[in-house]
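Take a look at the structure below.
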Amino acid sequence: MMASWVRFVSSAAIAAALLFAIGTGAVQGASEGAGSDTLKPMPELLDDQDSDRFPGDPPEHRVVYMFNKADEAYQTAILNSISALITQYDDNVAIAVVAIGPGLHVLGKIPERPATPSIYERVENLAKHYNVRWIACGNTMHTLGWAQSDIRPFAEYAEVGAAALMALQEDGFAYIN
């Protein structure tokens with residue numbers, strides 16, 4: 001017990017000394033030249049704002065996600081990433097999501113695995129209001145005994161979800177998992 005306390009006190013003292021040294025300017029390093037307390041912007045993203053694209057032109061950016069888990073934290077992270085891309089690029093990004101295995105249930109009219117109501121609603125909202133394509137894996141549907149009538153009306157389906165992922169990548173969609 002005493003050894004743990006000594007390690008804690010020693011760690012706390014080191015951290016306090018380091019914070020003091022940084023605050024007084026005694027420690028200089030990586031933050032110099034980078035705006036000291038701000039992140040350095042990525043030039044490629046800054047240049048993207050100068051697009052010659054007209055409204056209604058096809059999006060310059062395309063991304064496909066695989067949605068293959070029923071885990072709420074995982075699904076929330078994917079939906080947050082999609083929302084961030086929409087915020088970043090507005091209508092200049094095409095987004096597709098291929099739902100495979102346990103992730104398919106958010107596309108079911110009557111999910112057989114629990115689907116958090118907020119996630120279930122966000123999926124529909126992204127499809128209806130932001131043109132996010134949701135593609136159901138036909139193999140998973142077959143395993144569940146689902147027909148096309150069992151999936152939500154905004155969803156598409158592909159016989160093989162992995163083939164849909166591959167086809168979208170071949171069509172220039174960046175794959176994010």
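To be explicit about the labels: the chains of the structure tokens are called A, B, and onward in the order shown, and within each one the residues are counted from 1, while ligands get numbers from 1 in the order they are shown.
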Residue contacts of region 153-165 of chain A (7 Å, only C-alpha atoms) excluding same-chain residues fewer than 2 positions away, as a list of chain:residue names:
A:Val98, A:Ile100, A:Leu107, A:Ala127, A:Trp134, A:Ile135, A:Ala136, A:Cys137, A:Gly138, A:Asn139, A:Ile151, A:Ala167, A:Leu168, A:Gln169
Let me see the file: selected residues, N, CA and C atoms, as a PDB file, in the first residue's frame.
```pdb
ATOM      1  N   VAL A  98     -22.791  -0.363 -46.005  1.00  0.00           N
ATOM      2  CA  VAL A  98     -23.182  -1.745 -46.264  1.00  0.00           C
ATOM      3  C   VAL A  98     -23.351  -2.438 -44.914  1.00  0.00           C
ATOM      4  N   ILE A 100     -23.926  -5.626 -42.748  1.00  0.00           N
ATOM      5  CA  ILE A 100     -23.625  -7.052 -42.830  1.00  0.00           C
ATOM      6  C   ILE A 100     -23.749  -7.666 -41.438  1.00  0.00           C
ATOM      7  N   LEU A 107     -31.606  -2.134 -40.275  1.00  0.00           N
ATOM      8  CA  LEU A 107     -32.364  -1.984 -41.519  1.00  0.00           C
ATOM      9  C   LEU A 107     -33.637  -2.818 -41.522  1.00  0.00           C
ATOM     10  N   ALA A 127     -30.684   8.546 -44.239  1.00  0.00           N
ATOM     11  CA  ALA A 127     -31.134   8.080 -45.555  1.00  0.00           C
ATOM     12  C   ALA A 127     -32.075   9.087 -46.206  1.00  0.00           C
ATOM     13  N   TRP A 134     -28.109   2.999 -47.714  1.00  0.00           N
ATOM     14  CA  TRP A 134     -27.994   1.872 -46.786  1.00  0.00           C
ATOM     15  C   TRP A 134     -28.236   0.604 -47.590  1.00  0.00           C
ATOM     16  N   ILE A 135     -27.248  -0.266 -47.608  1.00  0.00           N
ATOM     17  CA  ILE A 135     -27.295  -1.467 -48.441  1.00  0.00           C
ATOM     18  C   ILE A 135     -27.247  -2.694 -47.530  1.00  0.00           C
ATOM     19  N   ALA A 136     -28.267  -3.506 -47.617  1.00  0.00           N
ATOM     20  CA  ALA A 136     -28.370  -4.714 -46.797  1.00  0.00           C
ATOM     21  C   ALA A 136     -27.689  -5.879 -47.498  1.00  0.00           C
ATOM     22  N   CYS A 137     -27.008  -6.694 -46.723  1.00  0.00           N
ATOM     23  CA  CYS A 137     -26.351  -7.896 -47.246  1.00  0.00           C
ATOM     24  C   CYS A 137     -27.395  -8.999 -47.454  1.00  0.00           C
ATOM     25  N   GLY A 138     -27.539  -9.447 -48.698  1.00  0.00           N
ATOM     26  CA  GLY A 138     -28.494 -10.499 -49.026  1.00  0.00           C
ATOM     27  C   GLY A 138     -28.180 -11.814 -48.336  1.00  0.00           C
ATOM     28  N   ASN A 139     -26.895 -12.135 -48.165  1.00  0.00           N
ATOM     29  CA  ASN A 139     -26.538 -13.375 -47.469  1.00  0.00           C
ATOM     30  C   ASN A 139     -27.036 -13.358 -46.029  1.00  0.00           C
ATOM     31  N   ILE A 151     -37.046  -5.449 -44.937  1.00  0.00           N
ATOM     32  CA  ILE A 151     -36.143  -4.336 -44.654  1.00  0.00           C
ATOM     33  C   ILE A 151     -36.858  -3.006 -44.887  1.00  0.00           C
ATOM     34  N   ALA A 167     -17.469  -3.528 -55.002  1.00  0.00           N
ATOM     35  CA  ALA A 167     -17.925  -2.789 -56.181  1.00  0.00           C
ATOM     36  C   ALA A 167     -17.880  -1.281 -55.936  1.00  0.00           C
ATOM     37  N   LEU A 168     -18.273  -0.852 -54.759  1.00  0.00           N
ATOM     38  CA  LEU A 168     -18.224   0.575 -54.439  1.00  0.00           C
ATOM     39  C   LEU A 168     -16.783   1.080 -54.392  1.00  0.00           C
ATOM     40  N   GLN A 169     -15.878   0.281 -53.836  1.00  0.00           N
ATOM     41  CA  GLN A 169     -14.468   0.674 -53.830  1.00  0.00           C
ATOM     42  C   GLN A 169     -13.916   0.758 -55.251  1.00  0.00           C
TER      43      GLN A 169
END
```
List as JSON, numbers by chain the protein and nucleic acid residues near Asn177 (chain A), meaning an atom at most 8 Å away when only C-alpha atoms are counted, but skip any in the same chain fewer than 4 places from it.
{"A": [65, 66, 67]}
For region 56-60 of chain A, work out the shell of residues within 10 Å, counting only C-alpha atoms and skipping chain neighbours fewer than 4 positions away, then give it as an NGL selection string.
:A and (48 or 51-52 or 89-95)
Got time to write the residues from that selection, C-alpha atoms, as a PDB file, in the first residue's frame?
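Saved the output as part_9.pdb:
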```
ATOM      1  CA  ASP A  48     -10.833  21.352 -50.769  1.00  0.00           C
ATOM      2  CA  SER A  51     -13.940  23.430 -55.454  1.00  0.00           C
ATOM      3  CA  ASP A  52     -15.243  24.392 -58.908  1.00  0.00           C
ATOM      4  CA  TYR A  89     -18.628  18.425 -47.207  1.00  0.00           C
ATOM      5  CA  ASP A  90     -22.367  19.229 -47.205  1.00  0.00           C
ATOM      6  CA  ASP A  91     -23.730  17.812 -50.492  1.00  0.00           C
ATOM      7  CA  ASN A  92     -20.236  17.238 -51.932  1.00  0.00           C
ATOM      8  CA  VAL A  93     -19.923  13.721 -50.510  1.00  0.00           C
ATOM      9  CA  ALA A  94     -21.663  10.482 -51.470  1.00  0.00           C
ATOM     10  CA  ILE A  95     -21.955   8.088 -48.547  1.00  0.00           C
TER      11      ILE A  95
END
```
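Distances to Thr76 (chain A) were evaluated for A:Arg53, A:Arg62, A:Arg122, A:Lys109 using only C-alpha atoms, and the minimum falls at A:Arg122.
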CA of Pro102 (chain A) to CA of Asp71 (chain A), distance in Å rounded to a single decimal:
8.6 Å
Nearest-residue call for Arg152 (chain A), choices A:Lys128, A:His61, A:Arg113, A:Lys69, using only C-alpha atoms:
A:Lys128
Quick one: everything within 9 Å of Ser83 (chain A), counting only C-alpha atoms, minus sequence neighbours fewer than 5 positions away in the same chain. Send it as a PyMOL selection string.
chain A and resi 78+88+126
Given the selection you just returned, output its residues as a file containing C-alpha atoms, formatted as a short mmCIF file (atom, residue, chain, number, x, y, z; two decimals), in the first residue's frame.
```cif
data_model
loop_
_atom_site.label_atom_id
_atom_site.label_comp_id
_atom_site.auth_asym_id
_atom_site.auth_seq_id
_atom_site.Cartn_x
_atom_site.Cartn_y
_atom_site.Cartn_z
CA ILE A 78 -20.07 5.19 -37.41
CA GLN A 88 -17.52 18.92 -43.59
CA LEU A 126 -29.47 10.01 -42.73
#
```
